[in-house]
Amino acid sequence: MVRIGVVGVGGWGKNYLRVLKDFDSLACFCDIDNEKIKFYSLKYQVPGYDNLEVMLRKENLDGLIISTPASTHYSLAKKALEYNLNLLIEKPMCINSSEAEELVEKAEEKGLVLAVGHIERFNPAVERLKDIIERRELGELLFLEFHRESSIPTHIKDVGIVFDTTIHDIDTARWLFKDEPYMVFSKLSRIIKDKEDTALVLMSFNKGKTAFLSSNWITPRRVRQLFAIFEKGIITLDFISQEITIDFVDKRVTPREKWEEPLVRAIKDFLDAVEKKGKPKVDGREGLKNVKIAEAIIESSKKNLPIYL
């Protein structure tokens with residue numbers, strides 16, 4: 001049995017606890033909130049700690065999941081690598097590429113798994129779209145248009161919308177196009193928060209392919225949607241409901257697929273990689289590329305210029 005610890009159980013971290021417990025791989029967790037420690041220790045019958053160093057010394061772990069504020073990812077991951085632990089780091093991997101690159105190199109040097117929580121690659125609807133692209137059922141994929149909208153998240157305080165939200169679509173666009181963008185151009189705005197809460201991003205890929213990413217934290221409703229434009233049709237995808245609508249020239253088709261929780265699939269991928277010493281679906285190199293693109297998006301808006309990668 002693979003033994004995994006979790007650092008950070010507020011926000012998304014509590015979901016890691018739940019799913020790991022279902023896999024019988026939850027060994028322990030760490031958080032700075034004593035009330036959360038008491039609650040989840042009782043709920044899952046595993047030890048909770050308020051000090052990471054103490055937990056790493058006492059527990060015989062195979063890996064660690066880091067689900068803390070983005071600005072803490074680097075220092076916590078660096079500490080875990082000192083203990084030779086396999087890692088799954090919630091996105092963004094780090095808040096700057098130099099730190100991310102250091103973690104990648106250290107994990108590779110030690111032969112450890114380093115996975116990054118870009119969860120949409122595990123969304124069954126996105127995987128279905130990927131299959132349609134590769135089978136060329138609608139011809140060549142030409143254009144991707146992403147929309148992520150919601151009210152302001154009160155628990156995100158250390159990064160703006162690019163590193164927290166837009167980065168999902170940076171990764172998904174790269175994965176679906178199976179290519180790297182050569183240019184980004186962006187317009188970021190601060191409407192409510194002291195960091196950017198609205199992002200409009202253009203990503204240019206080879207062969208004239210383009211991705212448009214629209215993210216904001218000012219809309220009262222939650223939207224997670226993707227439009228994929230092909231030579232012979234359009235696919236509309238809802239990340240939340242996992243519904244896909246395919247518009248051909250002469251008809252509309254809505255395939256019915258079983259809903260599956262992407263996080264369950266992501267954690268299974270990580271556990272398999274740790275157990276078999278294999279490569280996770282989203283490794284550190286992939287996470288690093290997304291961080292570099294996020295940095296370029298922020299630079300583009302500051303300079304009001306396209307940034308060539």
# chains A, B, ... in the order shown; residues from 1 in each chain; ligands from 1

$ closest_atom_pairs --of "segment 73-182 of chain A" --to "segment 56-63 of chain A" --cutoff "9 Å" --atoms "only C-alpha atoms" --output "JSON lines"
{"residue": "A:Ala80", "atom": "CA", "partner": "A:Leu56", "partner_atom": "CA", "distance": 7.8}
{"residue": "A:Tyr83", "atom": "CA", "partner": "A:Leu56", "partner_atom": "CA", "distance": 7.4}
{"residue": "A:Asn84", "atom": "CA", "partner": "A:Gly63", "partner_atom": "CA", "distance": 8.5}
{"residue": "A:Leu85", "atom": "CA", "partner": "A:Gly63", "partner_atom": "CA", "distance": 4.8}
{"residue": "A:Asn86", "atom": "CA", "partner": "A:Gly63", "partner_atom": "CA", "distance": 4.3}
{"residue": "A:Leu87", "atom": "CA", "partner": "A:Gly63", "partner_atom": "CA", "distance": 5.6}
{"residue": "A:Leu88", "atom": "CA", "partner": "A:Gly63", "partner_atom": "CA", "distance": 7.9}
{"residue": "A:Val113", "atom": "CA", "partner": "A:Gly63", "partner_atom": "CA", "distance": 8.6}

$ residues_around --residues "Ser301 of chain A" --least-positions-apart "6" --cutoff "10 Å" --atoms "only C-alpha atoms" --output "NGL selection string"
:A and (184-189 or 199-201 or 307)

$ select_by_dssp --residues "segment 79-163 of chain A" --states "helix (DSSP H, G or I)" --output "PyMOL selection string"
chain A and resi 79-82+97-110+119-122+124-135+161-163

$ select_by_dssp --residues "segment 74-285 of chain A" --states "strand (DSSP E or B)" --output "short mmCIF file (atom, residue, chain, number, x, y, z; two decimals) with all heavy atoms, in the first residue's frame"
data_model
loop_
_atom_site.label_atom_id
_atom_site.label_comp_id
_atom_site.auth_asym_id
_atom_site.auth_seq_id
_atom_site.Cartn_x
_atom_site.Cartn_y
_atom_site.Cartn_z
N ASN A 86 8.19 11.30 -3.14
CA ASN A 86 7.50 11.58 -4.39
C ASN A 86 6.47 12.67 -4.12
O ASN A 86 5.90 12.76 -3.03
CB ASN A 86 6.81 10.31 -4.90
CG ASN A 86 7.81 9.20 -5.18
OD1 ASN A 86 8.59 9.27 -6.12
ND2 ASN A 86 7.79 8.16 -4.34
N LEU A 87 6.22 13.50 -5.14
CA LEU A 87 5.40 14.69 -4.92
C LEU A 87 4.28 14.85 -5.94
O LEU A 87 4.47 14.59 -7.13
CB LEU A 87 6.27 15.94 -5.00
CG LEU A 87 7.14 16.30 -3.80
CD1 LEU A 87 8.04 17.48 -4.16
CD2 LEU A 87 6.26 16.66 -2.61
N LEU A 88 3.13 15.29 -5.43
CA LEU A 88 2.09 15.87 -6.28
C LEU A 88 1.85 17.27 -5.75
O LEU A 88 1.46 17.44 -4.60
CB LEU A 88 0.80 15.04 -6.22
CG LEU A 88 -0.29 15.36 -7.27
CD1 LEU A 88 -1.35 14.26 -7.28
CD2 LEU A 88 -0.96 16.71 -7.07
N ILE A 89 2.14 18.28 -6.57
CA ILE A 89 1.98 19.67 -6.17
C ILE A 89 0.75 20.24 -6.88
O ILE A 89 0.63 20.16 -8.10
CB ILE A 89 3.22 20.51 -6.54
CG1 ILE A 89 4.49 19.88 -5.97
CG2 ILE A 89 3.05 21.94 -6.04
CD1 ILE A 89 5.76 20.60 -6.40
N GLU A 90 -0.15 20.80 -6.11
CA GLU A 90 -1.32 21.44 -6.69
C GLU A 90 -0.86 22.58 -7.61
O GLU A 90 0.19 23.20 -7.39
CB GLU A 90 -2.23 21.96 -5.58
CG GLU A 90 -3.52 22.60 -6.04
CD GLU A 90 -4.29 21.75 -7.03
OE1 GLU A 90 -4.46 20.54 -6.80
OE2 GLU A 90 -4.71 22.31 -8.06
N LEU A 114 7.43 13.58 -9.72
CA LEU A 114 6.96 14.94 -9.48
C LEU A 114 5.78 15.18 -10.40
O LEU A 114 5.95 15.33 -11.61
CB LEU A 114 8.07 15.97 -9.73
CG LEU A 114 7.67 17.45 -9.63
CD1 LEU A 114 6.97 17.75 -8.32
CD2 LEU A 114 8.89 18.35 -9.79
N ALA A 115 4.59 15.18 -9.83
CA ALA A 115 3.36 15.41 -10.59
C ALA A 115 2.80 16.78 -10.22
O ALA A 115 3.06 17.30 -9.13
CB ALA A 115 2.34 14.32 -10.29
N VAL A 116 2.04 17.37 -11.14
CA VAL A 116 1.43 18.68 -10.91
C VAL A 116 -0.08 18.56 -11.15
O VAL A 116 -0.52 17.90 -12.09
CB VAL A 116 2.03 19.76 -11.82
CG1 VAL A 116 1.45 21.13 -11.49
CG2 VAL A 116 3.56 19.79 -11.68
N GLY A 117 -0.85 19.21 -10.28
CA GLY A 117 -2.30 19.03 -10.29
C GLY A 117 -3.06 19.80 -11.34
O GLY A 117 -3.98 20.57 -11.00
N GLU A 137 -12.02 13.29 -36.41
CA GLU A 137 -13.42 13.07 -36.75
C GLU A 137 -14.09 14.31 -37.33
O GLU A 137 -15.06 14.22 -38.08
CB GLU A 137 -14.19 12.60 -35.51
CG GLU A 137 -13.77 11.22 -35.02
CD GLU A 137 -14.52 10.80 -33.77
OE1 GLU A 137 -15.62 11.33 -33.52
OE2 GLU A 137 -14.02 9.93 -33.04
N GLY A 139 -12.03 16.78 -38.75
CA GLY A 139 -10.93 17.40 -39.46
C GLY A 139 -9.95 18.04 -38.49
O GLY A 139 -9.84 17.65 -37.33
N LEU A 141 -8.23 20.54 -35.88
CA LEU A 141 -8.60 21.50 -34.84
C LEU A 141 -7.93 22.84 -35.16
O LEU A 141 -6.72 22.91 -35.35
CB LEU A 141 -8.14 21.00 -33.47
CG LEU A 141 -8.33 21.97 -32.30
CD1 LEU A 141 -9.81 22.23 -32.06
CD2 LEU A 141 -7.66 21.41 -31.05
N LEU A 142 -8.74 23.92 -35.17
CA LEU A 142 -8.22 25.23 -35.58
C LEU A 142 -8.12 26.24 -34.43
O LEU A 142 -7.17 27.01 -34.35
CB LEU A 142 -9.11 25.81 -36.68
CG LEU A 142 -9.33 24.94 -37.92
CD1 LEU A 142 -10.36 25.57 -38.82
CD2 LEU A 142 -8.01 24.74 -38.65
N PHE A 143 -9.13 26.23 -33.56
CA PHE A 143 -9.28 27.31 -32.59
C PHE A 143 -9.90 26.79 -31.31
O PHE A 143 -10.82 25.97 -31.34
CB PHE A 143 -10.17 28.40 -33.21
CG PHE A 143 -10.37 29.62 -32.37
CD1 PHE A 143 -9.36 30.55 -32.21
CD2 PHE A 143 -11.59 29.85 -31.73
CE1 PHE A 143 -9.55 31.69 -31.43
CE2 PHE A 143 -11.79 30.98 -30.96
CZ PHE A 143 -10.76 31.91 -30.81
N LEU A 144 -9.39 27.26 -30.17
CA LEU A 144 -9.95 26.92 -28.86
C LEU A 144 -10.34 28.20 -28.14
O LEU A 144 -9.58 29.16 -28.11
CB LEU A 144 -8.94 26.15 -28.02
CG LEU A 144 -8.54 24.76 -28.50
CD1 LEU A 144 -7.33 24.26 -27.70
CD2 LEU A 144 -9.70 23.78 -28.40
N GLU A 145 -11.53 28.20 -27.55
CA GLU A 145 -12.00 29.36 -26.80
C GLU A 145 -12.46 28.90 -25.41
O GLU A 145 -13.40 28.12 -25.29
CB GLU A 145 -13.14 30.06 -27.53
CG GLU A 145 -13.65 31.30 -26.83
CD GLU A 145 -14.74 32.01 -27.61
OE1 GLU A 145 -14.82 31.81 -28.84
OE2 GLU A 145 -15.51 32.77 -26.99
N PHE A 146 -11.77 29.38 -24.37
CA PHE A 146 -12.04 28.97 -23.00
C PHE A 146 -12.72 30.10 -22.23
O PHE A 146 -12.35 31.26 -22.37
CB PHE A 146 -10.73 28.64 -22.27
CG PHE A 146 -9.97 27.47 -22.81
CD1 PHE A 146 -9.08 27.62 -23.87
CD2 PHE A 146 -10.10 26.21 -22.24
CE1 PHE A 146 -8.35 26.55 -24.36
CE2 PHE A 146 -9.38 25.13 -22.71
CZ PHE A 146 -8.50 25.29 -23.77
N HIS A 147 -13.68 29.73 -21.38
CA HIS A 147 -14.32 30.69 -20.49
C HIS A 147 -14.37 30.12 -19.08
O HIS A 147 -14.96 29.06 -18.84
CB HIS A 147 -15.74 31.01 -20.96
CG HIS A 147 -15.77 31.78 -22.25
ND1 HIS A 147 -15.77 33.16 -22.29
CD2 HIS A 147 -15.76 31.35 -23.53
CE1 HIS A 147 -15.77 33.55 -23.56
NE2 HIS A 147 -15.76 32.47 -24.33
N ARG A 148 -13.72 30.81 -18.14
CA ARG A 148 -13.77 30.45 -16.71
C ARG A 148 -14.20 31.69 -15.94
O ARG A 148 -13.46 32.66 -15.86
CB ARG A 148 -12.40 29.97 -16.21
CG ARG A 148 -12.05 28.59 -16.70
CD ARG A 148 -10.75 28.06 -16.11
NE ARG A 148 -10.51 26.76 -16.71
CZ ARG A 148 -10.86 25.59 -16.17
NH1 ARG A 148 -11.45 25.58 -15.00
NH2 ARG A 148 -10.62 24.47 -16.80
N GLU A 149 -15.38 31.61 -15.38
CA GLU A 149 -15.96 32.76 -14.69
C GLU A 149 -16.52 32.32 -13.35
O GLU A 149 -17.07 31.23 -13.21
CB GLU A 149 -17.09 33.37 -15.53
CG GLU A 149 -16.68 33.76 -16.95
CD GLU A 149 -17.87 34.13 -17.81
OE1 GLU A 149 -19.00 34.20 -17.27
OE2 GLU A 149 -17.69 34.35 -19.02
N MET A 183 3.73 32.57 -28.99
CA MET A 183 3.47 33.96 -28.62
C MET A 183 2.23 34.04 -27.74
O MET A 183 1.29 33.29 -27.92
CB MET A 183 3.26 34.81 -29.88
CG MET A 183 3.10 36.31 -29.62
SD MET A 183 1.40 36.83 -29.24
CE MET A 183 0.64 36.71 -30.86
N VAL A 184 2.27 34.97 -26.77
CA VAL A 184 1.08 35.28 -25.97
C VAL A 184 0.89 36.79 -25.95
O VAL A 184 1.85 37.56 -25.98
CB VAL A 184 1.19 34.75 -24.52
CG1 VAL A 184 1.26 33.22 -24.50
CG2 VAL A 184 2.36 35.35 -23.77
N PHE A 185 -0.38 37.19 -25.92
CA PHE A 185 -0.72 38.60 -25.78
C PHE A 185 -1.90 38.67 -24.82
O PHE A 185 -2.85 37.90 -24.95
CB PHE A 185 -1.08 39.22 -27.12
CG PHE A 185 -1.39 40.70 -27.04
CD1 PHE A 185 -0.39 41.60 -26.74
CD2 PHE A 185 -2.67 41.17 -27.24
CE1 PHE A 185 -0.66 42.96 -26.65
CE2 PHE A 185 -2.95 42.52 -27.16
CZ PHE A 185 -1.95 43.43 -26.87
N SER A 186 -1.83 39.59 -23.85
CA SER A 186 -2.87 39.58 -22.82
C SER A 186 -3.28 40.97 -22.37
O SER A 186 -2.54 41.95 -22.53
CB SER A 186 -2.38 38.79 -21.60
OG SER A 186 -1.32 39.48 -20.95
N LYS A 187 -4.47 41.01 -21.81
CA LYS A 187 -4.98 42.21 -21.15
C LYS A 187 -5.51 41.76 -19.78
O LYS A 187 -6.48 41.01 -19.70
CB LYS A 187 -6.11 42.85 -21.96
CG LYS A 187 -6.84 43.98 -21.25
CD LYS A 187 -5.95 45.16 -20.94
CE LYS A 187 -6.76 46.30 -20.30
NZ LYS A 187 -5.88 47.42 -19.90
N LEU A 188 -4.85 42.19 -18.72
CA LEU A 188 -5.26 41.84 -17.37
C LEU A 188 -5.80 43.09 -16.67
O LEU A 188 -5.31 44.19 -16.89
CB LEU A 188 -4.07 41.29 -16.57
CG LEU A 188 -3.24 40.19 -17.23
CD1 LEU A 188 -2.11 39.75 -16.30
CD2 LEU A 188 -4.10 39.00 -17.62
N SER A 189 -6.81 42.90 -15.82
CA SER A 189 -7.41 44.03 -15.11
C SER A 189 -7.59 43.71 -13.64
O SER A 189 -7.75 42.54 -13.25
CB SER A 189 -8.79 44.36 -15.71
OG SER A 189 -8.69 44.67 -17.07
N THR A 198 -9.23 39.68 -13.73
CA THR A 198 -9.78 39.47 -15.07
C THR A 198 -8.61 39.28 -16.03
O THR A 198 -7.63 40.03 -15.98
CB THR A 198 -10.61 40.68 -15.53
OG1 THR A 198 -11.67 40.90 -14.60
CG2 THR A 198 -11.21 40.43 -16.91
N ALA A 199 -8.73 38.27 -16.88
CA ALA A 199 -7.65 37.98 -17.83
C ALA A 199 -8.24 37.63 -19.19
O ALA A 199 -9.10 36.76 -19.30
CB ALA A 199 -6.78 36.83 -17.33
N LEU A 200 -7.76 38.33 -20.21
CA LEU A 200 -8.07 38.01 -21.60
C LEU A 200 -6.74 37.70 -22.28
O LEU A 200 -5.86 38.55 -22.32
CB LEU A 200 -8.77 39.17 -22.29
CG LEU A 200 -10.09 39.61 -21.67
CD1 LEU A 200 -10.61 40.87 -22.35
CD2 LEU A 200 -11.12 38.50 -21.74
N VAL A 201 -6.61 36.48 -22.78
CA VAL A 201 -5.31 36.00 -23.26
C VAL A 201 -5.44 35.37 -24.64
O VAL A 201 -6.35 34.57 -24.89
CB VAL A 201 -4.72 34.95 -22.29
CG1 VAL A 201 -3.37 34.45 -22.80
CG2 VAL A 201 -4.60 35.52 -20.88
N LEU A 202 -4.53 35.73 -25.51
CA LEU A 202 -4.42 35.11 -26.83
C LEU A 202 -3.12 34.32 -26.87
O LEU A 202 -2.05 34.86 -26.60
CB LEU A 202 -4.40 36.19 -27.92
CG LEU A 202 -4.55 35.71 -29.37
CD1 LEU A 202 -5.96 35.21 -29.63
CD2 LEU A 202 -4.20 36.84 -30.32
N MET A 203 -3.22 33.04 -27.22
CA MET A 203 -2.04 32.18 -27.36
C MET A 203 -1.95 31.74 -28.81
O MET A 203 -2.89 31.14 -29.35
CB MET A 203 -2.15 30.94 -26.45
CG MET A 203 -2.19 31.25 -24.97
SD MET A 203 -2.57 29.77 -23.95
CE MET A 203 -1.15 28.73 -24.29
N SER A 204 -0.83 32.03 -29.45
CA SER A 204 -0.63 31.66 -30.85
C SER A 204 0.23 30.41 -30.94
O SER A 204 1.31 30.33 -30.34
CB SER A 204 0.04 32.80 -31.61
OG SER A 204 -0.81 33.92 -31.68
N THR A 210 -4.92 28.92 -32.77
CA THR A 210 -5.03 29.94 -31.74
C THR A 210 -5.89 29.46 -30.59
O THR A 210 -6.86 28.73 -30.78
CB THR A 210 -5.66 31.22 -32.33
OG1 THR A 210 -4.91 31.64 -33.47
CG2 THR A 210 -5.69 32.34 -31.31
N ALA A 211 -5.55 29.89 -29.38
CA ALA A 211 -6.39 29.67 -28.20
C ALA A 211 -6.69 31.03 -27.58
O ALA A 211 -5.79 31.86 -27.41
CB ALA A 211 -5.70 28.76 -27.20
N PHE A 212 -7.96 31.24 -27.26
CA PHE A 212 -8.39 32.46 -26.57
C PHE A 212 -8.87 32.05 -25.18
O PHE A 212 -9.74 31.19 -25.04
CB PHE A 212 -9.50 33.16 -27.33
CG PHE A 212 -10.05 34.36 -26.60
CD1 PHE A 212 -9.30 35.51 -26.47
CD2 PHE A 212 -11.33 34.34 -26.06
CE1 PHE A 212 -9.80 36.61 -25.79
CE2 PHE A 212 -11.83 35.43 -25.38
CZ PHE A 212 -11.07 36.58 -25.25
N LEU A 213 -8.29 32.68 -24.14
CA LEU A 213 -8.58 32.32 -22.76
C LEU A 213 -9.21 33.52 -22.06
O LEU A 213 -8.58 34.58 -21.95
CB LEU A 213 -7.30 31.92 -22.02
CG LEU A 213 -6.64 30.57 -22.30
CD1 LEU A 213 -6.37 30.33 -23.78
CD2 LEU A 213 -5.33 30.46 -21.51
N SER A 214 -10.44 33.37 -21.60
CA SER A 214 -11.14 34.43 -20.87
C SER A 214 -11.43 33.94 -19.46
O SER A 214 -12.13 32.95 -19.27
CB SER A 214 -12.45 34.79 -21.59
OG SER A 214 -13.20 35.71 -20.82
N SER A 215 -10.88 34.65 -18.46
CA SER A 215 -11.08 34.27 -17.06
C SER A 215 -11.46 35.51 -16.27
O SER A 215 -10.90 36.58 -16.48
CB SER A 215 -9.81 33.67 -16.45
OG SER A 215 -9.22 32.72 -17.29
N ASN A 216 -12.40 35.37 -15.34
CA ASN A 216 -12.68 36.50 -14.44
C ASN A 216 -13.26 36.01 -13.12
O ASN A 216 -13.85 34.94 -13.04
CB ASN A 216 -13.59 37.54 -15.11
CG ASN A 216 -15.05 37.15 -15.12
OD1 ASN A 216 -15.69 37.07 -14.08
ND2 ASN A 216 -15.59 36.89 -16.32
N VAL A 223 -18.89 29.51 -14.41
CA VAL A 223 -18.83 29.02 -15.79
C VAL A 223 -17.49 28.37 -16.03
O VAL A 223 -16.44 28.94 -15.68
CB VAL A 223 -19.04 30.17 -16.81
CG1 VAL A 223 -18.86 29.67 -18.23
CG2 VAL A 223 -20.41 30.81 -16.62
N ARG A 224 -17.50 27.18 -16.62
CA ARG A 224 -16.28 26.47 -17.02
C ARG A 224 -16.57 25.85 -18.38
O ARG A 224 -17.09 24.75 -18.47
CB ARG A 224 -15.90 25.38 -16.00
CG ARG A 224 -15.66 25.87 -14.58
CD ARG A 224 -14.34 26.60 -14.49
NE ARG A 224 -13.98 26.96 -13.12
CZ ARG A 224 -14.33 28.09 -12.53
NH1 ARG A 224 -15.07 28.97 -13.18
NH2 ARG A 224 -13.94 28.37 -11.30
N GLN A 225 -16.24 26.56 -19.44
CA GLN A 225 -16.69 26.15 -20.77
C GLN A 225 -15.59 26.26 -21.81
O GLN A 225 -14.70 27.11 -21.71
CB GLN A 225 -17.89 27.01 -21.18
CG GLN A 225 -18.78 26.40 -22.24
CD GLN A 225 -20.08 27.17 -22.38
OE1 GLN A 225 -20.11 28.40 -22.31
NE2 GLN A 225 -21.18 26.45 -22.58
N LEU A 226 -15.68 25.42 -22.81
CA LEU A 226 -14.70 25.40 -23.90
C LEU A 226 -15.42 25.20 -25.22
O LEU A 226 -16.31 24.34 -25.34
CB LEU A 226 -13.70 24.26 -23.69
CG LEU A 226 -12.80 23.85 -24.87
CD1 LEU A 226 -11.92 25.01 -25.33
CD2 LEU A 226 -11.94 22.65 -24.48
N PHE A 227 -15.04 26.01 -26.21
CA PHE A 227 -15.51 25.83 -27.58
C PHE A 227 -14.31 25.43 -28.43
O PHE A 227 -13.28 26.10 -28.41
CB PHE A 227 -16.11 27.12 -28.14
CG PHE A 227 -17.30 27.62 -27.36
CD1 PHE A 227 -17.12 28.54 -26.33
CD2 PHE A 227 -18.58 27.16 -27.64
CE1 PHE A 227 -18.20 29.00 -25.60
CE2 PHE A 227 -19.67 27.62 -26.92
CZ PHE A 227 -19.48 28.54 -25.89
N ALA A 228 -14.44 24.33 -29.15
CA ALA A 228 -13.38 23.85 -30.03
C ALA A 228 -13.87 23.91 -31.46
O ALA A 228 -14.86 23.25 -31.81
CB ALA A 228 -12.99 22.42 -29.66
N ILE A 229 -13.20 24.72 -32.28
CA ILE A 229 -13.62 24.92 -33.67
C ILE A 229 -12.72 24.11 -34.59
O ILE A 229 -11.49 24.26 -34.56
CB ILE A 229 -13.59 26.42 -34.05
CG1 ILE A 229 -14.68 27.19 -33.29
CG2 ILE A 229 -13.81 26.59 -35.54
CD1 ILE A 229 -14.34 27.58 -31.89
N PHE A 230 -13.36 23.24 -35.38
CA PHE A 230 -12.66 22.37 -36.32
C PHE A 230 -12.98 22.78 -37.76
O PHE A 230 -13.83 23.64 -38.00
CB PHE A 230 -13.10 20.91 -36.12
CG PHE A 230 -12.75 20.31 -34.80
CD1 PHE A 230 -13.50 20.59 -33.66
CD2 PHE A 230 -11.68 19.43 -34.69
CE1 PHE A 230 -13.19 20.02 -32.44
CE2 PHE A 230 -11.36 18.84 -33.47
CZ PHE A 230 -12.12 19.14 -32.35
N GLY A 233 -16.73 21.26 -38.06
CA GLY A 233 -17.71 21.31 -36.98
C GLY A 233 -17.20 22.02 -35.74
O GLY A 233 -16.05 22.50 -35.69
N ILE A 234 -18.06 22.09 -34.74
CA ILE A 234 -17.74 22.76 -33.48
C ILE A 234 -18.14 21.85 -32.32
O ILE A 234 -19.20 21.22 -32.35
CB ILE A 234 -18.50 24.10 -33.36
CG1 ILE A 234 -18.11 25.05 -34.50
CG2 ILE A 234 -18.22 24.76 -32.01
CD1 ILE A 234 -18.95 26.31 -34.54
N ILE A 235 -17.30 21.81 -31.30
CA ILE A 235 -17.62 21.08 -30.08
C ILE A 235 -17.72 22.08 -28.92
O ILE A 235 -16.84 22.91 -28.73
CB ILE A 235 -16.57 20.01 -29.77
CG1 ILE A 235 -16.64 18.88 -30.80
CG2 ILE A 235 -16.76 19.45 -28.35
CD1 ILE A 235 -15.63 17.78 -30.59
N THR A 236 -18.81 21.98 -28.17
CA THR A 236 -18.99 22.76 -26.96
C THR A 236 -18.86 21.83 -25.78
O THR A 236 -19.49 20.77 -25.73
CB THR A 236 -20.38 23.44 -26.94
OG1 THR A 236 -20.54 24.22 -28.13
CG2 THR A 236 -20.53 24.33 -25.71
N LEU A 237 -18.03 22.21 -24.82
CA LEU A 237 -17.72 21.33 -23.69
C LEU A 237 -17.92 22.09 -22.38
O LEU A 237 -17.47 23.22 -22.24
CB LEU A 237 -16.28 20.84 -23.80
CG LEU A 237 -15.72 19.86 -22.78
CD1 LEU A 237 -14.60 19.01 -23.41
CD2 LEU A 237 -15.15 20.59 -21.55
N ASP A 238 -18.59 21.44 -21.44
CA ASP A 238 -18.76 21.98 -20.09
C ASP A 238 -17.88 21.18 -19.14
O ASP A 238 -18.10 19.98 -18.95
CB ASP A 238 -20.23 21.90 -19.66
CG ASP A 238 -20.50 22.65 -18.37
OD1 ASP A 238 -19.86 22.32 -17.35
OD2 ASP A 238 -21.35 23.57 -18.37
N ILE A 244 -20.81 17.23 -23.60
CA ILE A 244 -20.23 17.63 -24.88
C ILE A 244 -21.34 17.70 -25.92
O ILE A 244 -22.18 16.80 -26.01
CB ILE A 244 -19.15 16.63 -25.35
CG1 ILE A 244 -17.86 16.80 -24.55
CG2 ILE A 244 -18.83 16.80 -26.83
CD1 ILE A 244 -16.76 15.86 -24.97
N THR A 245 -21.33 18.77 -26.69
CA THR A 245 -22.24 18.88 -27.84
C THR A 245 -21.40 19.02 -29.09
O THR A 245 -20.49 19.87 -29.15
CB THR A 245 -23.17 20.10 -27.70
OG1 THR A 245 -23.95 19.96 -26.52
CG2 THR A 245 -24.10 20.21 -28.91
N ILE A 246 -21.69 18.19 -30.09
CA ILE A 246 -20.95 18.22 -31.35
C ILE A 246 -21.87 18.73 -32.45
O ILE A 246 -22.91 18.12 -32.74
CB ILE A 246 -20.43 16.81 -31.72
CG1 ILE A 246 -19.63 16.22 -30.57
CG2 ILE A 246 -19.57 16.89 -32.99
CD1 ILE A 246 -19.21 14.78 -30.79
N ASP A 247 -21.50 19.85 -33.04
CA ASP A 247 -22.26 20.42 -34.16
C ASP A 247 -21.54 20.12 -35.46
O ASP A 247 -20.46 20.68 -35.72
CB ASP A 247 -22.43 21.93 -33.98
CG ASP A 247 -23.44 22.27 -32.90
OD1 ASP A 247 -24.63 21.95 -33.10
OD2 ASP A 247 -23.04 22.84 -31.86
N ARG A 252 -26.69 17.92 -35.05
CA ARG A 252 -26.12 18.11 -33.72
C ARG A 252 -26.21 16.80 -32.95
O ARG A 252 -27.25 16.14 -32.95
CB ARG A 252 -26.85 19.21 -32.98
CG ARG A 252 -26.51 19.28 -31.49
CD ARG A 252 -27.13 20.49 -30.81
NE ARG A 252 -26.42 21.72 -31.17
CZ ARG A 252 -26.66 22.89 -30.59
NH1 ARG A 252 -27.58 23.01 -29.65
NH2 ARG A 252 -25.97 23.96 -30.97
N VAL A 253 -25.09 16.43 -32.29
CA VAL A 253 -25.03 15.19 -31.53
C VAL A 253 -24.58 15.51 -30.10
O VAL A 253 -23.66 16.30 -29.91
CB VAL A 253 -24.05 14.18 -32.16
CG1 VAL A 253 -23.94 12.92 -31.31
CG2 VAL A 253 -24.49 13.83 -33.58
N ASP A 283 3.70 15.78 -15.52
CA ASP A 283 4.91 15.77 -14.68
C ASP A 283 5.44 17.18 -14.46
O ASP A 283 4.86 18.17 -14.90
CB ASP A 283 5.98 14.85 -15.29
CG ASP A 283 6.49 15.35 -16.64
OD1 ASP A 283 6.19 16.50 -17.03
OD2 ASP A 283 7.22 14.59 -17.31
#

$ atom_distance --atom1 "atom CA of Pro153 of chain A" --atom2 "atom CA of Thr165 of chain A"
10.6 Å

$ closest_residue --among "A:Arg221, A:Lys303, A:Lys232, A:His118" --to "Thr166 of chain A" --atoms "only C-alpha atoms"
A:His118

$ residues_around --residues "Met1 of chain A" --least-positions-apart "3" --cutoff "10 Å" --atoms "only C-alpha atoms" --output "ChimeraX atom specification"
/A:4,23-26,62,271,275

$ residues_around --residues "Asn34 of chain A" --least-positions-apart "5" --cutoff "12 Å" --atoms "only C-alpha atoms" --output "ChimeraX atom specification"
/A:8-10,29,39-41,48-51

$ atom_distance --atom1 "atom CA of Pro69 of chain A" --atom2 "atom CA of Pro262 of chain A"
21.1 Å

$ atom_distance --atom1 "atom CA of Asn123 of chain A" --atom2 "atom CA of Tyr16 of chain A"
16.2 Å

$ residues_around --residues "Asp179 of chain A" --least-positions-apart "6" --cutoff "10 Å" --atoms "only C-alpha atoms" --output "list in words"
Ala173, Phe205, Asn206 and Lys209 of chain A

$ write_last_selection --atoms "C-alpha atoms" --output "PDB file, in the first residue's frame"
ATOM      1  CA  ALA A 173      -4.710  24.260 -24.728  1.00  0.00           C
ATOM      2  CA  PHE A 205       0.450  28.192 -31.954  1.00  0.00           C
ATOM      3  CA  ASN A 206       2.042  26.877 -35.119  1.00  0.00           C
ATOM      4  CA  LYS A 209      -3.826  27.731 -34.564  1.00  0.00           C
TER       5      LYS A 209
END

$ closest_residue --among "A:Glu286, A:Asp272, A:Asp33, A:Asp250" --to "Asp171 of chain A" --atoms "only C-alpha atoms"
A:Glu286

$ residues_around --residues "Lys130 of chain A" --least-positions-apart "4" --cutoff "7 Å" --atoms "only C-alpha atoms" --output "list of chain:residue names"
A:Val126, A:Glu134, A:Leu176

$ closest_residue --among "A:Gly13, A:Pro306, A:Gly5, A:Pro92" --to "Leu288 of chain A" --atoms "only C-alpha atoms"
A:Pro92
